[in-house]
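Taking it in order: structure first as structure tokens, then the write-up.
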Amino acid sequence: MKKDYEKLKQKAKLTRINILKMLEQSGTGHPGGSLSCVELLVALYYYKMNIDAKNPKWEQRDRFILSKGHAAPALYAILADKGYFPEEELWDLRKFGSILQGHPDMKKTPGVDMCTGSLGQGFSTSVGFALAGKMRKNSFNVYSVLGDGELQEGIIWEACMAASHYKLDNLTAIVDNNNLQIDGCVDDVMSLGDLKAKFESFGFYVIKVDGHNFEEILSALDDNRNDFKPKCIIASTVKGKGVSYMENKFEWHGGVPSGEQMKQAQDEVGEVL
């Protein structure tokens with residue numbers, strides 16, 4: 001597939017703008033972690049994954065599971081732009097009766113492959129999807145974006161053992177490594193140590209990238225030198241990326257800017273060409 005970096009950058013900008021608009025309308029949500037994973041989701045949906053918005057239940061489609069489910073606004077913004085549902089639905093985020101809940105819901109939202117929100121369980125389900133694909137001899141791939149704070153959940157490492165044991169080379173874990181979680185710095189709350197060495201010890205093929213650099217992200221997604229191993233991409237990111245007063249501030253894990261703060265945020269993200 002063609003690597004159109006400028007198009008991807010514009011899609012990332014559009015996604016950030018719509019994340020901010022959605023949160024403004026809802027008055028609640030998670031801006032920091034939604035903004036940090038934008039480039040990762042844009043690379044998957046506009047470059048890598050084999051999907052069809054007109055046939056969201058297509059059996060051979062690639063699967064995506066947002067294991068860090070609180071970053072749902074980033075996913076919703078992209079799904080709307082891809083045509084899974086009308087853009088107007090975005091402005092009803094978290095409202096009663098909306099198809100867009102605070103965390104992804106596969107029963108309500110077209111294009112969502114799995115309900116997530118309870119941290120750790122999304123990645124476990126991703127391993128199940130990948131294993132089912134192997135057993136059925138399907139050709140689809142499974143991609144899952146995880147938060148680094150989420151890696152403190154023991155269920156993640158049980159899933160890693162299973163992925164390695166069953167040689168799930170159709171599975172890619174992508175860690176949104178922004179180093180912050182709801183209570184502060186990840187290292188202070190529960191240090192993860194050397195993540196690359198840890199995933200390698202669990203049998204993964206590991207690549208480290210700048211999570212806001214499309215050239216590095218696309219190269220890692222295309223790298224298949226895994227020797228029948230599951231892949232892990234550790235993406236160094238900035239929580240609240242694109243909004244100066246949110247960047248690297250754990251206080252913006254949750255909450256919504258208003259008034260002048262929102263105007264500043266939208267000005268800093270800029271207009272889509």
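As shown in the structure tokens, the chain order sets the letters A, B, ...; within each chain, residues go from 1, and ligands are also counted from 1 in the order they appear.
Residue neighbourhood of A:Asp223, excluding near-sequence residues (fewer than 3 positions): Lys48, Asp169, Thr172, Tyr205, Val206, Ile207, Lys208, Glu216, Ile217, Leu218, Ser219, Ala220, Asn226, Asp227, Pro230, Lys231, Cys232 and Ile233 of chain A, at 12 Å, using only C-alpha atoms.
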Residue contacts of A:Met22 (12 Å, only C-alpha atoms) excluding same-chain residues fewer than 3 positions away, as an MDAnalysis selection string = chainID A and resid 15:19 25:31 34 72:77 87:95 100:102 256:257 262
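Distance check against A:Leu41 using only C-alpha atoms: of A:Asp176, A:Glu251, A:Asp188, A:Glu158, the minimum falls on A:Asp176.
Closest approach to A:Ser67 among A:Val175, A:Asn50, A:Ser36, A:Phe140 is made by A:Val175 (distances from only C-alpha atoms).
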Residues within 12 Å of A:Met135, only C-alpha atoms, excluding chain neighbours under 3 positions, as an NGL selection string | :A and (128-132 or 138-140 or 166-168 or 170)
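Distances here use only C-alpha atoms; by that measure, the residue among A:Phe228, A:Val189, A:Val209, A:Ile99 closest to A:Lys134 is A:Phe228.
The interatomic distance for the pair atom CA of A:Gly270 and atom CA of A:Lys68 works out to 26.3 Å.
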Contact residues around stretch 104-120 of chain A with only C-alpha atoms at 10 Å, ignoring same-chain residues under 4 positions, as a PDB file with C-alpha atoms, in the first residue's frame:
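Result file selection-v9.pdb:
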ATOM      1  CA  ILE A  51     -11.139  -3.693   6.262  1.00  0.00           C
ATOM      2  CA  ASP A  52     -14.364  -2.670   4.528  1.00  0.00           C
ATOM      3  CA  ALA A  53     -16.687  -0.132   6.153  1.00  0.00           C
ATOM      4  CA  LYS A  54     -19.509  -1.290   3.866  1.00  0.00           C
ATOM      5  CA  ASN A  55     -19.124  -4.824   5.201  1.00  0.00           C
ATOM      6  CA  PRO A  56     -18.095  -4.440   8.864  1.00  0.00           C
ATOM      7  CA  LYS A  57     -18.739  -8.130   9.643  1.00  0.00           C
ATOM      8  CA  ASP A  62      -8.372  -7.645   9.999  1.00  0.00           C
ATOM      9  CA  ARG A  63      -9.449  -7.186  13.603  1.00  0.00           C
ATOM     10  CA  PHE A  64      -8.673  -4.212  15.840  1.00  0.00           C
ATOM     11  CA  ILE A  65      -9.145  -4.204  19.603  1.00  0.00           C
ATOM     12  CA  LEU A  66      -8.607  -1.005  21.568  1.00  0.00           C
ATOM     13  CA  SER A  67      -7.531  -2.650  24.799  1.00  0.00           C
ATOM     14  CA  LYS A  68      -7.095   0.773  26.442  1.00  0.00           C
ATOM     15  CA  GLY A  69     -10.800   1.333  25.936  1.00  0.00           C
ATOM     16  CA  HIS A  70     -10.923   4.763  27.590  1.00  0.00           C
ATOM     17  CA  ALA A  71      -9.264   6.148  24.427  1.00  0.00           C
ATOM     18  CA  ALA A  72     -12.504   5.428  22.559  1.00  0.00           C
ATOM     19  CA  PRO A  73     -12.874   8.993  21.174  1.00  0.00           C
ATOM     20  CA  LEU A  75     -11.330   5.228  17.599  1.00  0.00           C
ATOM     21  CA  TYR A  76     -14.782   6.755  17.084  1.00  0.00           C
ATOM     22  CA  LEU A  79     -14.565   5.003  12.349  1.00  0.00           C
ATOM     23  CA  ALA A  80     -16.837   7.923  11.437  1.00  0.00           C
ATOM     24  CA  LYS A  82     -13.992   5.791   7.395  1.00  0.00           C
ATOM     25  CA  GLY A  83     -17.778   5.613   6.913  1.00  0.00           C
ATOM     26  CA  TYR A  84     -18.863   3.104   9.547  1.00  0.00           C
ATOM     27  CA  PHE A  85     -21.482   5.547  10.819  1.00  0.00           C
ATOM     28  CA  GLY A  97     -29.031   6.123  24.066  1.00  0.00           C
ATOM     29  CA  SER A  98     -25.985   7.020  21.952  1.00  0.00           C
ATOM     30  CA  ILE A  99     -24.220   4.385  19.869  1.00  0.00           C
ATOM     31  CA  LEU A 100     -20.954   5.834  21.201  1.00  0.00           C
ATOM     32  CA  SER A 124      -6.645 -11.313  26.120  1.00  0.00           C
ATOM     33  CA  THR A 125      -9.517 -11.229  23.640  1.00  0.00           C
ATOM     34  CA  SER A 126      -7.078 -10.227  20.898  1.00  0.00           C
ATOM     35  CA  PHE A 129      -9.177 -13.745  17.941  1.00  0.00           C
ATOM     36  CA  LEU A 146      -2.586  -1.211  24.916  1.00  0.00           C
ATOM     37  CA  GLY A 147      -1.782   1.460  27.490  1.00  0.00           C
ATOM     38  CA  GLY A 149      -0.408   1.550  32.742  1.00  0.00           C
ATOM     39  CA  GLU A 150      -2.577  -1.323  31.525  1.00  0.00           C
ATOM     40  CA  LEU A 151       0.498  -3.548  31.436  1.00  0.00           C
ATOM     41  CA  GLN A 152       0.383  -3.614  35.231  1.00  0.00           C
ATOM     42  CA  GLU A 153      -2.530  -6.055  34.885  1.00  0.00           C
ATOM     43  CA  GLY A 154      -1.454  -9.687  35.313  1.00  0.00           C
ATOM     44  CA  ILE A 155      -3.919 -10.888  32.687  1.00  0.00           C
ATOM     45  CA  ILE A 156      -1.754  -9.181  30.048  1.00  0.00           C
ATOM     46  CA  TRP A 157       1.182 -11.470  30.738  1.00  0.00           C
ATOM     47  CA  GLU A 158      -0.958 -14.609  30.817  1.00  0.00           C
ATOM     48  CA  ALA A 159      -2.173 -13.609  27.359  1.00  0.00           C
TER      49      ALA A 159
END
Quick one: pick out all alpha helix (DSSP H) residues within stretch 184-240 of chain A from a backbone DSSP run and write them as a VMD selection string.
-> chain A and resid 186 to 190 195 to 201 214 to 222
Could you name the residues that touch stretch 242-245 of chain A at 7 Å or less, counting only C-alpha atoms, but leaving out those on the same chain fewer than 6 positions away, as an NGL selection string?
-> :A and (265 or 268-269)
